[in-house]
Structures are given as C-alpha cells and as structure tokens.
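A.B. asks: To start, I am sharing the structure in question, which I have written as structure tokens.
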Amino acid sequence: MPAAGSRAPDFSTRNQYGEQVRLSDLTGRRDVVLVFYPYAFSQVCTSELAALRDRPSLLAAAEFLAISCDPMFTLRAYADNQNLGFSLLTDFWPHGEIATSYGVFDAERGCALRGTFVVDRTGLIRWSVVNAIPEARNPDDYAEALAALNLR
C-alpha cells in the first residue's frame with residue numbers, strides 16, 4: 001500500500017456514464033478522495049456512499065471518486081438508484097488493477113477492501129485508512145483529513 005507522502009498511483013478508467021477519468025488529470029486542480037468499496041448495492045457500501053451524498057459541503061471540499069470492481073453498467077444503475085452525484089469508477093477490467101496498485105484488492109473475494117486515500121493537488125497521498133469489509137468508514141475522518149490539507 002502506498003504510504004503517506006508518496007505519489008498516488010495514476011490510473012485511467014470509466015465512470016458510471018462511460019466517461020474516461022484519469023487521476024493525473026486532477027493534479028493541480030483539486031484534492032481527491034479515493035473511496036474503494038467492495039460491492040454496489042450491498043448494505044454497508046450503500047450506507048457509506050449515501051452518507052457522502054448527504055454531506056454536500058464535504059463533497060464540495062474535494063473530488064470524490066468511489067471505486068469498485070463492479071462493471072460500469074452496474075455502477076450506472078447503482079448511482080441512479082441511490083441518487084449519487086459523484087463519480088463511481090469501475091475497476092472491473094483488468095479486474096482489480098486499480099485496487100491492487102493501492103494495496104486494497106482482496107484476490108480471494110475478487111473485490112476492493114474499504115480503503116480510502118486523500119490525494120492532494122500535487123498528487124501525493126496525504127492520508128489513508130483501510131477498514132475491514134464489514135466495517136463502515138466515518139465521513140468525519142475524510143473531513144478532518146481534508147481540513148488538515150488546508151492548514152499546510
């Protein structure tokens with residue numbers, strides 16, 4: 001897993017609308033929060049992403065990119081069903097390649113762990129946490145990590 005202070009591994013994939021998203025395209029423009037999650041439509045993942053959806057001030061503080069190994073069309077149905085207005089990125093093929101580059105791919109289950117990485121505008125990882133698959137993350141932790149970026 002990349003450590004705090006290291007360059008975030010770059011990637012390019014599609015969001016739920018089929019649009020190409022490259023992490024390095026955001027360098028110099030916005031801080032980014034990468035939110036890896038195991039499965040669309042699962043109970044804990046849905047509650048976590050709904051908690052983000054329901055905090056517009058937090059979403060305005062950075063570019064949130066939620067990443068799972070689900071196919072793009074599943075992510076579109078999921079985003080529409082849950083009214084998620086931020087990007088859901090597919091790590092479907094090559095399966096788990098992005099999650100692997102961040103050290104959060106569970107090869108046995110074929111999904112991402114609950115890894116979160118705050119990447120600053122220069123492309124460096126400034127904060128990260130990995131939770132067990134059944135353990136939901138606290139959005140207040142993201143807010144604190146983002147606030148710390150603004151104090152530097």
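Letters A, B, ... go to the chains of the structure tokens in the order shown; residues in each chain start at 1; ligands are counted from 1 in the same order.
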Can you pull out the residues contacting region 86-97 of chain A? Cut-off 10 Å, using only C-alpha atoms, and skip same-chain residues under 3 positions away; I want them as a PyMOL selection string.

C.D. replies: chain A and resi 11-21+34-36+40+49+52-53+59+63-76+78-79+83+100-107+110-112

A.B. asks: Which neighbours of Ser128 (chain A) fall inside 7 Å, counting only C-alpha atoms, when residues of the same chain fewer than 5 positions from it are skipped, and could you give them as a PyMOL selection string?

C.D. replies: chain A and resi 116-118

A.B. asks: Please give the complete set of residues from region 30-101 of chain A that DSSP, run on the backbone, assigns to helix (DSSP H, G or I), formatted as a PDB file with N, CA and C atoms, in the first residue's frame.

C.D. replies:
```pdb
ATOM      1  N   GLN A  43     -25.253  -3.576   1.621  1.00  0.00           N
ATOM      2  CA  GLN A  43     -25.794  -2.731   2.688  1.00  0.00           C
ATOM      3  C   GLN A  43     -24.786  -1.718   3.218  1.00  0.00           C
ATOM      4  N   VAL A  44     -23.585  -2.158   3.586  1.00  0.00           N
ATOM      5  CA  VAL A  44     -22.616  -1.232   4.178  1.00  0.00           C
ATOM      6  C   VAL A  44     -22.138  -0.223   3.139  1.00  0.00           C
ATOM      7  N   CYS A  45     -21.869  -0.687   1.915  1.00  0.00           N
ATOM      8  CA  CYS A  45     -21.414   0.229   0.861  1.00  0.00           C
ATOM      9  C   CYS A  45     -22.468   1.292   0.579  1.00  0.00           C
ATOM     10  N   THR A  46     -23.707   0.876   0.515  1.00  0.00           N
ATOM     11  CA  THR A  46     -24.788   1.821   0.247  1.00  0.00           C
ATOM     12  C   THR A  46     -24.899   2.848   1.365  1.00  0.00           C
ATOM     13  N   SER A  47     -24.775   2.414   2.613  1.00  0.00           N
ATOM     14  CA  SER A  47     -24.871   3.380   3.718  1.00  0.00           C
ATOM     15  C   SER A  47     -23.687   4.343   3.697  1.00  0.00           C
ATOM     16  N   GLU A  48     -22.495   3.857   3.364  1.00  0.00           N
ATOM     17  CA  GLU A  48     -21.328   4.743   3.298  1.00  0.00           C
ATOM     18  C   GLU A  48     -21.465   5.788   2.193  1.00  0.00           C
ATOM     19  N   LEU A  49     -21.839   5.353   1.006  1.00  0.00           N
ATOM     20  CA  LEU A  49     -21.943   6.286  -0.116  1.00  0.00           C
ATOM     21  C   LEU A  49     -23.126   7.234   0.063  1.00  0.00           C
ATOM     22  N   ALA A  50     -24.197   6.771   0.694  1.00  0.00           N
ATOM     23  CA  ALA A  50     -25.327   7.656   0.998  1.00  0.00           C
ATOM     24  C   ALA A  50     -24.908   8.723   2.015  1.00  0.00           C
ATOM     25  N   ALA A  51     -24.050   8.351   2.955  1.00  0.00           N
ATOM     26  CA  ALA A  51     -23.559   9.323   3.935  1.00  0.00           C
ATOM     27  C   ALA A  51     -22.759  10.422   3.230  1.00  0.00           C
ATOM     28  N   LEU A  52     -22.001  10.058   2.205  1.00  0.00           N
ATOM     29  CA  LEU A  52     -21.288  11.074   1.421  1.00  0.00           C
ATOM     30  C   LEU A  52     -22.274  11.937   0.643  1.00  0.00           C
ATOM     31  N   ARG A  53     -23.220  11.286  -0.014  1.00  0.00           N
ATOM     32  CA  ARG A  53     -24.232  12.015  -0.797  1.00  0.00           C
ATOM     33  C   ARG A  53     -24.948  13.053   0.052  1.00  0.00           C
ATOM     34  N   PRO A  56     -23.200  17.529   1.269  1.00  0.00           N
ATOM     35  CA  PRO A  56     -22.730  18.305   0.127  1.00  0.00           C
ATOM     36  C   PRO A  56     -21.518  19.184   0.437  1.00  0.00           C
ATOM     37  N   SER A  57     -21.402  19.683   1.654  1.00  0.00           N
ATOM     38  CA  SER A  57     -20.240  20.514   1.978  1.00  0.00           C
ATOM     39  C   SER A  57     -18.960  19.689   1.953  1.00  0.00           C
ATOM     40  N   LEU A  58     -19.032  18.446   2.347  1.00  0.00           N
ATOM     41  CA  LEU A  58     -17.872  17.562   2.276  1.00  0.00           C
ATOM     42  C   LEU A  58     -17.530  17.258   0.817  1.00  0.00           C
ATOM     43  N   LEU A  59     -18.536  16.969   0.006  1.00  0.00           N
ATOM     44  CA  LEU A  59     -18.314  16.697  -1.410  1.00  0.00           C
ATOM     45  C   LEU A  59     -17.730  17.908  -2.140  1.00  0.00           C
ATOM     46  N   ALA A  60     -18.055  19.106  -1.674  1.00  0.00           N
ATOM     47  CA  ALA A  60     -17.530  20.319  -2.308  1.00  0.00           C
ATOM     48  C   ALA A  60     -16.061  20.558  -1.967  1.00  0.00           C
ATOM     49  N   MET A  72     -19.270  -1.119 -15.308  1.00  0.00           N
ATOM     50  CA  MET A  72     -19.751   0.246 -15.490  1.00  0.00           C
ATOM     51  C   MET A  72     -21.289   0.325 -15.478  1.00  0.00           C
ATOM     52  N   PHE A  73     -21.963  -0.606 -16.133  1.00  0.00           N
ATOM     53  CA  PHE A  73     -23.424  -0.530 -16.209  1.00  0.00           C
ATOM     54  C   PHE A  73     -24.076  -0.790 -14.850  1.00  0.00           C
ATOM     55  N   THR A  74     -23.455  -1.620 -14.030  1.00  0.00           N
ATOM     56  CA  THR A  74     -23.936  -1.821 -12.663  1.00  0.00           C
ATOM     57  C   THR A  74     -23.792  -0.527 -11.877  1.00  0.00           C
ATOM     58  N   LEU A  75     -22.665   0.147 -12.067  1.00  0.00           N
ATOM     59  CA  LEU A  75     -22.432   1.408 -11.358  1.00  0.00           C
ATOM     60  C   LEU A  75     -23.431   2.478 -11.777  1.00  0.00           C
ATOM     61  N   ARG A  76     -23.812   2.486 -13.034  1.00  0.00           N
ATOM     62  CA  ARG A  76     -24.818   3.460 -13.501  1.00  0.00           C
ATOM     63  C   ARG A  76     -26.159   3.199 -12.834  1.00  0.00           C
ATOM     64  N   ALA A  77     -26.574   1.926 -12.796  1.00  0.00           N
ATOM     65  CA  ALA A  77     -27.843   1.582 -12.144  1.00  0.00           C
ATOM     66  C   ALA A  77     -27.791   1.915 -10.652  1.00  0.00           C
ATOM     67  N   TYR A  78     -26.668   1.644 -10.040  1.00  0.00           N
ATOM     68  CA  TYR A  78     -26.486   1.913  -8.615  1.00  0.00           C
ATOM     69  C   TYR A  78     -26.543   3.423  -8.335  1.00  0.00           C
ATOM     70  N   ALA A  79     -25.809   4.215  -9.109  1.00  0.00           N
ATOM     71  CA  ALA A  79     -25.805   5.667  -8.932  1.00  0.00           C
ATOM     72  C   ALA A  79     -27.205   6.243  -9.119  1.00  0.00           C
ATOM     73  N   ASP A  80     -27.905   5.778 -10.141  1.00  0.00           N
ATOM     74  CA  ASP A  80     -29.272   6.253 -10.384  1.00  0.00           C
ATOM     75  C   ASP A  80     -30.203   5.851  -9.245  1.00  0.00           C
ATOM     76  N   ASN A  81     -30.088   4.604  -8.791  1.00  0.00           N
ATOM     77  CA  ASN A  81     -30.944   4.085  -7.731  1.00  0.00           C
ATOM     78  C   ASN A  81     -30.736   4.831  -6.417  1.00  0.00           C
ATOM     79  N   GLN A  82     -29.499   5.184  -6.129  1.00  0.00           N
ATOM     80  CA  GLN A  82     -29.165   5.834  -4.855  1.00  0.00           C
ATOM     81  C   GLN A  82     -29.012   7.350  -4.962  1.00  0.00           C
ATOM     82  N   GLU A  97      -7.250  -4.021 -10.954  1.00  0.00           N
ATOM     83  CA  GLU A  97      -5.927  -3.446 -11.205  1.00  0.00           C
ATOM     84  C   GLU A  97      -5.676  -2.172 -10.398  1.00  0.00           C
ATOM     85  N   ILE A  98      -6.678  -1.304 -10.319  1.00  0.00           N
ATOM     86  CA  ILE A  98      -6.504  -0.056  -9.558  1.00  0.00           C
ATOM     87  C   ILE A  98      -6.390  -0.370  -8.070  1.00  0.00           C
ATOM     88  N   ALA A  99      -7.298  -1.186  -7.555  1.00  0.00           N
ATOM     89  CA  ALA A  99      -7.257  -1.561  -6.133  1.00  0.00           C
ATOM     90  C   ALA A  99      -5.933  -2.239  -5.800  1.00  0.00           C
ATOM     91  N   THR A 100      -5.419  -3.064  -6.691  1.00  0.00           N
ATOM     92  CA  THR A 100      -4.131  -3.719  -6.466  1.00  0.00           C
ATOM     93  C   THR A 100      -3.014  -2.698  -6.352  1.00  0.00           C
ATOM     94  N   SER A 101      -3.031  -1.680  -7.209  1.00  0.00           N
ATOM     95  CA  SER A 101      -1.971  -0.665  -7.168  1.00  0.00           C
ATOM     96  C   SER A 101      -1.991   0.135  -5.866  1.00  0.00           C
TER      97      SER A 101
END
```

A.B. asks: Which neighbours of Arg126 (chain A) fall inside 12 Å, counting only C-alpha atoms, when residues of the same chain fewer than 5 positions from it are skipped, and could you give them as a list of chain:residue names?

C.D. replies: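 After dropping sequence-adjacent residues, the list is A:Pro2, A:Ala3, A:Ala4, A:Gly5, A:Ser6, A:Arg7, A:Ala8, A:Asp31, A:Val32, A:Val33, A:Leu34, A:Thr116, A:Phe117, A:Val118, A:Val119, A:Asp120, A:Arg121, A:Tyr142, A:Glu144, A:Ala145, A:Leu146, A:Ala147, A:Ala148, A:Leu149, A:Asn150, A:Arg152.
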
A.B. asks: Could you find all residues in chain A that DSSP calls strand (DSSP E or B) from the backbone, and write them as a VMD selection string?

C.D. replies: chain A and resid 7 12 to 15 20 to 22 32 to 36 63 to 68 87 to 90 105 to 106 111 to 112 114 to 119 124 to 131

A.B. asks: So the first atom is CA of Leu124 (chain A) and the second is CA of Tyr37 (chain A); what is the distance between them in Å, to one decimal place?

C.D. replies: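 Here the two named atoms are 21.0 Å from each other.
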
A.B. asks: Could you tell me how far CA of Phe41 (chain A) sits from CA of Ala136 (chain A), in Å to one decimal place?

C.D. replies: 14.3 Å

A.B. asks: Of the residues A:Leu26, A:Met1, A:Leu84, A:Ala143, which is the one nearest to Gly115 (chain A), using only C-alpha atoms?

C.D. replies: A:Met1
